[in-house]
$ cat query.pdb   # PDB, C-alpha atoms, pLDDT in the B column
ATOM      1  CA  MET A  31      13.285  11.120  62.620  1.00 57.00           C
ATOM      2  CA  ILE A  32      10.827  13.825  61.547  1.00 66.00           C
ATOM      3  CA  ASP A  33      10.166  14.286  57.824  1.00 72.00           C
ATOM      4  CA  LEU A  34      10.036  18.021  57.052  1.00 72.00           C
ATOM      5  CA  GLY A  35      10.268  17.757  53.245  1.00 81.00           C
ATOM      6  CA  GLY A  36       6.674  18.766  52.487  1.00 85.00           C
ATOM      7  CA  ALA A  37       6.539  21.576  55.034  1.00 86.00           C
ATOM      8  CA  LEU A  38       9.931  22.918  53.962  1.00 90.00           C
ATOM      9  CA  GLY A  39       8.943  22.843  50.295  1.00 89.00           C
ATOM     10  CA  MET A  40       5.703  24.694  51.032  1.00 92.00           C
ATOM     11  CA  THR A  41       7.545  27.289  53.138  1.00 93.00           C
ATOM     12  CA  ILE A  42      10.105  27.913  50.393  1.00 94.00           C
ATOM     13  CA  THR A  43       7.317  28.222  47.788  1.00 94.00           C
ATOM     14  CA  VAL A  44       5.360  30.702  49.902  1.00 96.00           C
ATOM     15  CA  LEU A  45       8.481  32.770  50.587  1.00 97.00           C
ATOM     16  CA  PHE A  46       9.397  32.782  46.893  1.00 97.00           C
ATOM     17  CA  VAL A  47       5.918  33.971  45.906  1.00 98.00           C
ATOM     18  CA  ALA A  48       5.986  36.681  48.596  1.00 98.00           C
ATOM     19  CA  ILE A  49       9.417  37.932  47.444  1.00 98.00           C
ATOM     20  CA  LEU A  50       8.288  37.906  43.806  1.00 98.00           C
ATOM     21  CA  ALA A  51       5.115  39.839  44.675  1.00 98.00           C
ATOM     22  CA  ALA A  52       7.136  42.404  46.643  1.00 98.00           C
ATOM     23  CA  GLY A  53       9.513  42.855  43.696  1.00 98.00           C
ATOM     24  CA  LEU A  54       6.639  43.319  41.260  1.00 98.00           C
ATOM     25  CA  ALA A  55       4.924  45.802  43.574  1.00 97.00           C
ATOM     26  CA  TYR A  56       8.140  47.811  43.928  1.00 97.00           C
ATOM     27  CA  GLY A  57       8.650  47.815  40.147  1.00 95.00           C
ATOM     28  CA  ILE A  58       5.135  49.088  39.530  1.00 95.00           C
ATOM     29  CA  TRP A  59       5.560  51.760  42.206  1.00 94.00           C
ATOM     30  CA  ALA A  60       8.971  52.859  40.871  1.00 92.00           C
ATOM     31  CA  SER A  61       7.774  53.087  37.266  1.00 89.00           C
ATOM     32  CA  GLY A  62       4.898  55.293  38.399  1.00 88.00           C
ATOM     33  CA  HIS A  63       7.331  57.716  40.052  1.00 86.00           C
ATOM     34  CA  ALA A  64       9.837  57.916  37.178  1.00 81.00           C
ATOM     35  CA  PRO A  65      10.449  61.356  35.648  1.00 79.00           C
ATOM     36  CA  ARG A  66       8.380  61.915  32.530  1.00 83.00           C
ATOM     37  CA  ASP A  67       9.331  65.421  31.391  1.00 89.00           C
ATOM     38  CA  PRO A  68      10.919  65.576  27.905  1.00 91.00           C
ATOM     39  CA  LEU A  69      14.135  67.330  28.994  1.00 91.00           C
ATOM     40  CA  THR A  70      14.950  64.690  31.599  1.00 87.00           C
ATOM     41  CA  MET A  71      14.133  61.872  29.180  1.00 88.00           C
ATOM     42  CA  ARG A  72      16.390  63.385  26.467  1.00 91.00           C
ATOM     43  CA  ARG A  73      19.280  63.781  28.939  1.00 88.00           C
ATOM     44  CA  LYS A  74      18.789  60.227  30.202  1.00 86.00           C
ATOM     45  CA  ASN A  75      18.690  58.765  26.688  1.00 88.00           C
ATOM     46  CA  GLN A  76      21.772  60.747  25.615  1.00 88.00           C
ATOM     47  CA  ALA A  77      23.738  59.580  28.666  1.00 84.00           C
ATOM     48  CA  THR A  78      22.684  55.978  28.003  1.00 84.00           C
ATOM     49  CA  ARG A  79      23.809  56.224  24.354  1.00 86.00           C
ATOM     50  CA  GLU A  80      27.173  57.680  25.436  1.00 83.00           C
ATOM     51  CA  ASN A  81      27.697  55.039  28.135  1.00 79.00           C
ATOM     52  CA  PHE A  82      27.031  52.179  25.703  1.00 82.00           C
ATOM     53  CA  SER A  83      29.015  53.573  22.785  1.00 80.00           C
ATOM     54  CA  ASP A  84      32.151  51.792  21.585  1.00 75.00           C
ATOM     55  CA  ASP A  85      34.470  54.637  22.644  1.00 76.00           C
ATOM     56  CA  ALA A  86      33.068  55.067  26.176  1.00 66.00           C
ATOM     57  CA  VAL A  87      35.903  55.124  28.700  1.00 71.00           C
ATOM     58  CA  GLU A  88      34.106  55.916  31.935  1.00 72.00           C
ATOM     59  CA  GLU A  89      30.455  55.940  32.867  1.00 69.00           C
ATOM     60  CA  LYS A  90      28.649  59.279  32.806  1.00 67.00           C
ATOM     61  CA  PRO A  91      25.888  59.928  35.325  1.00 68.00           C
ATOM     62  CA  LEU A  92      22.380  59.640  33.883  1.00 63.00           C
ATOM     63  CA  LEU A  93      21.076  62.686  35.702  1.00 62.00           C
ATOM     64  CA  ARG A  94      23.481  65.459  36.633  1.00 62.00           C
ATOM     65  CA  ASP A  95      22.865  67.943  39.389  1.00 58.00           C
ATOM     66  CA  ARG A  96      21.511  71.173  37.876  1.00 53.00           C
ATOM     67  CA  LYS A  97      23.922  73.247  39.989  1.00 54.00           C
ATOM     68  CA  THR A  98      26.959  71.801  38.172  1.00 50.00           C
ATOM     69  CA  ARG A  99      25.969  73.239  34.789  1.00 46.00           C
TER
END
$ encode --input "query.pdb" --output "structure tokens"
Amino acid sequence: MIDLGGALGMTITVLFVAILAAGLAYGIWASGHAPRDPLTMRRKNQATRENFSDDAVEEKPLLRDRKTR
């Protein structure tokens, strides 16, 4: 019988590190492309406060389409 324990462990470790690196790279990329204008940030923070309040019944979208105003 062939013992694959060491090779399998190394493969799993390498895959885990590659997946972790890809997740970190995506997070850095996404944070660099996040909206930074004050109006958008105020609307986002207000929607977050409303969604996490004690009397919130249904979730409100963080960013509404400007045409619906």
$ atom_distance --input "query.pdb" --atom1 "CA of Ala60 in chain A" --atom2 "CA of Arg73 in chain A"
19.2 Å
$ atom_distance --input "query.pdb" --atom1 "CA of Ser61 in chain A" --atom2 "CA of Ala77 in chain A"
19.3 Å
$ atom_distance --input "query.pdb" --atom1 "CA of Leu34 in chain A" --atom2 "CA of Phe46 in chain A"
17.9 Å
